[in-house]
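Asker: Below are the structure tokens for one structure; questions will follow.
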Amino acid sequence: MDSYIIESNKKKSRMPARLDFAQSGTGLILGLFMWVHMLLVGSIVLGPGAFNFVAKNMELAFLSDTGHGFPIAVFFAVLTIFTLFIVHALLGVRKFPISWKQHRILRDQMQMMNHTDTNLWYVQVVTGFIMFFAGSVHLYVMLTNPGNIDPYLSADRVVSSHMWPLYLVLLVCVELHASIGLYRLCMKWGWFAGKDAKKSREMLKKIKNRATVFFLALGALALLVFIVIGFNHRDKVGERYEKTGTVTQQGFDGSGARNADGIHE
Amino acid sequence: MSEQETMNEIKTVSAQETVTEPEAVSTQNTSAEPEKGNETERILKFQIFRYNPRKKGDKPRMVTYEITEAPGMTIFIALNEIREQQDPSIQFDFVCRAGICGSCAMVVNGSPTLACRTLTSKFPDGEIKLLPLPGFELIGDLSVNTGKFMRAMSERVESWIHDQDADKVNYDKLEERMDPDVAEQIYELERCVECGCCVSACATKRMRPDFLSAVGFIRLARYALDPRDKRSDEEFYEILGDDDGVFGCMTLLGCEDYCPKDLPHQTQIAYLRRKMLKVK
Ligand code: SF4
Ligand code: SF4
Ligand code: FES
């Protein structure tokens with residue numbers, strides 16, 4: 001029997017395929033970026049010196065003689081991420097329950113089944129929605145302060161500019177959204193399925209859970225350290241970190257100065 | 001109770017049902033006596049969704065029925081007992097009582113599943129809540145019109161082998177052999193019994209009524225795998241390539257987790273998605 005389709009000469013748009021791929025692609029980049037980002041920010045746990053080292057390297061300080069690097073590199077990196085972020089958000093919004101009725105149906109369904117992967121998707125919807133605002137603020141601040149990623153300046157932002165609630169919200173949202181999203185990506189495209197897809201799914205889910213816990217813990221710790229540093233630094237807001245450690249603090253100064261030593265040579 | 005007796009019982013009950021007009025709103029509770037002497041027997045409490053859309057003034061409600069659990073009791077046996085002894089007006093579907101026909105799917109304590117394959121002993125507190133499958137047209141009580149949906153789905157995915165040369169078959173020649181692995185894979189997907197659990201378990205389908213659904217994906221994957229079907233990927237794209245098709249699937253995996261036949265939804269949907277992405 002012939003296909004109806006061959007006869008009717010219509011051709012469906014390839015757009016849905018491209019958009020779906022773009023959503024996955026931007027998600028993949030952003031998700032992996034967030035993991036790396038968390039590891040880099042987490043360097044504050046090792047002390048301001050370590051963080052400074054990371055920040056300077058991100059500004060490509062090793063390429064410049066002055067050791068000041070090129071904050072503009074950070075600017076463009078942030079701009080790229082910001083763009084991906086917006087694109088990903090716009091693509092993601094298409095899948096949101098857009099009407100109250102759809103939302104009701106989704107909630108009913110979730111309540112009826114209590115099915116993990118459906119619930120996880122809802123977590124992504126909610127965190128995605130929050131991040132659209134909170135993430136934009138953070139990205140905007142970074143975009144307008146490219147040269148100001150410095151252990152003390154960052155800590156000042158956290159404490160003295162009262163940004164910590166935003167970072168706390170962002171931390172929870174990002175880590176949940178990213179690890180769930182990366183897990184879903186694997187399911188969606190059949191990556192790492194191996195011979196026994198059901199087993200690999202279990203494995204990937206386990207990895208996902210561990211990643212969430214790990215990055216949440218690291219993030220919480222980093223934020224805590226920033227808060228302590230920012231608190232101790234609240235009288236000297238705006239002062240940068242120096243390799244000698246102009247600001248003396250209990251606990252962080254020692255390691256910071258030690259780590260900083262090697263950098264400003 | 002032997003299988004034979006069970007079969008007889010179904011026949012009598014269904015015969016009874018055809019002559020029984022649904023009665024006026026019945027909120028009766030229990031008529032079964034709890035047996036005190038036997039500690040192993042317990043009373044099961046069934047909360048059953050009741051609503052007959054064709055009866056004027058009828059309102060959806062949950063009605064509780066209590067029965068005594070029997071060894072090896074399934075929801076199917078329990079429902080028949082309730083219908084036989086307590087309320088002949090209650091509507092639900094069964095044919096094979098062996099997980100083959102796919103007609104008995106319903107939501108059992110939140111999970112879309114086959115009632116004939118669900119043992120009451122699975123529920124330690126003895127409380128069982130039954131709802132009709134959501135996402136389908138309700139016939140009445142626990143009975144939904146999956147047939148209508150499945151037929152539309154079959155037509156939509158053109159669920160037959162497409163081969164323009166099919167009429168020019170040379171009957172003197174042996175049929176081309178199929179790779180046993182491929183045959184195996186196709187057979188695996190053909191195990192679908194069209195019960196509709198995957199459709200009801202899919203939040204995407206609930207939010208987008210025109211979503212093709214996992215059962216449609218499985219069916220298409222079956223033809224995409226079949227070397228006798230000469231449809232090109234472009235042609236499959238015409239069926240699948242939009243947000244009511246594979247690109248609408250949000251990989252919530254309800255289909256994978258609730259398919260009573262354990263069909264490989266996740267891998268097949270991923271397969272179709274990759275295949276459709278490559279279409280130029
Ligand atoms: S794929 Fe599974 S759940 Fe869906 S209709 Fe077929 S047997 Fe039922
Ligand atoms: S993976 Fe999820 S969204 Fe896709 S068909 Fe299955 S249940 Fe529906
Ligand atoms: S009665 Fe046939 S599958 Fe349950």
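Each chain of the structure tokens is named A, B, ... in the order shown, its residues numbered from 1; ligands are numbered from 1 in display order.
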Return as a VMD selection string the residues of protein, DNA or RNA that approach ligand 1 to within 10 Å, with only C-alpha atoms and all ligand atoms taken into account.

Answerer: chain B and resid 99 to 103 105 112 to 114 146 150 189 to 201 213 to 219 254 to 265

Asker: Just need the residues of chain B within 7 Å of chain A, counting only C-alpha atoms, so spit them out as a compact mmCIF listing (two decimals) with C-alpha atoms, in the first residue's frame.

Answerer:
# COMPACT_ATOMS: atom_id res chain seq x y z
CA GLY B 110 -1.55 6.00 41.33
CA SER B 111 0.08 3.66 38.85
CA HIS B 162 4.66 0.55 2.95
CA ASP B 163 6.06 -0.93 -0.21
CA GLN B 164 5.15 0.39 -3.63
CA ALA B 203 2.47 14.20 31.50
CA ARG B 206 -1.88 15.07 29.32
CA MET B 207 -0.82 18.63 28.60
CA GLU B 235 8.45 10.22 5.29
CA GLU B 238 6.23 13.91 8.24
CA GLY B 241 8.82 15.71 13.19
CA ASP B 242 7.06 18.26 15.36
CA ASP B 243 6.12 19.02 18.91
CA PHE B 247 10.28 16.56 19.56
CA THR B 251 11.74 12.48 28.31
CA LEU B 252 9.74 12.21 31.48
CA LEU B 253 9.91 8.44 31.02
CA GLN B 266 13.44 5.21 26.35
CA THR B 267 15.85 3.68 23.86
CA ALA B 270 15.96 8.24 21.61
CA ARG B 273 14.81 11.35 17.90
CA ARG B 274 18.34 10.83 16.58
CA LEU B 277 17.33 14.97 13.69

Asker: So what do you get for CA of Gly135 in chain B versus CA of Ile48 in chain B, distance-wise?

Answerer: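 Taking CA of Gly135 in chain B and CA of Ile48 in chain B, their separation equals 17.9 Å.
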
Asker: Check the DSSP output for the backbone and give back, as a list in words, the residues of range 60-133 of chain B in alpha helix (DSSP H).

Answerer: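 Put together, the selection reads Ile75, Phe76, Ile77, Ala78, Leu79, Asn80, Glu81, Ile82, Arg83, Glu84 and Gln85 of chain B.
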
Asker: Hey, what's within 10 Å of Glu127 in chain B if we count only C-alpha atoms and toss same-chain stuff fewer than 2 positions away? As a PyMOL selection string, please?

Answerer: chain B and resi 43-47+64+66+109+120+123-125+129-130
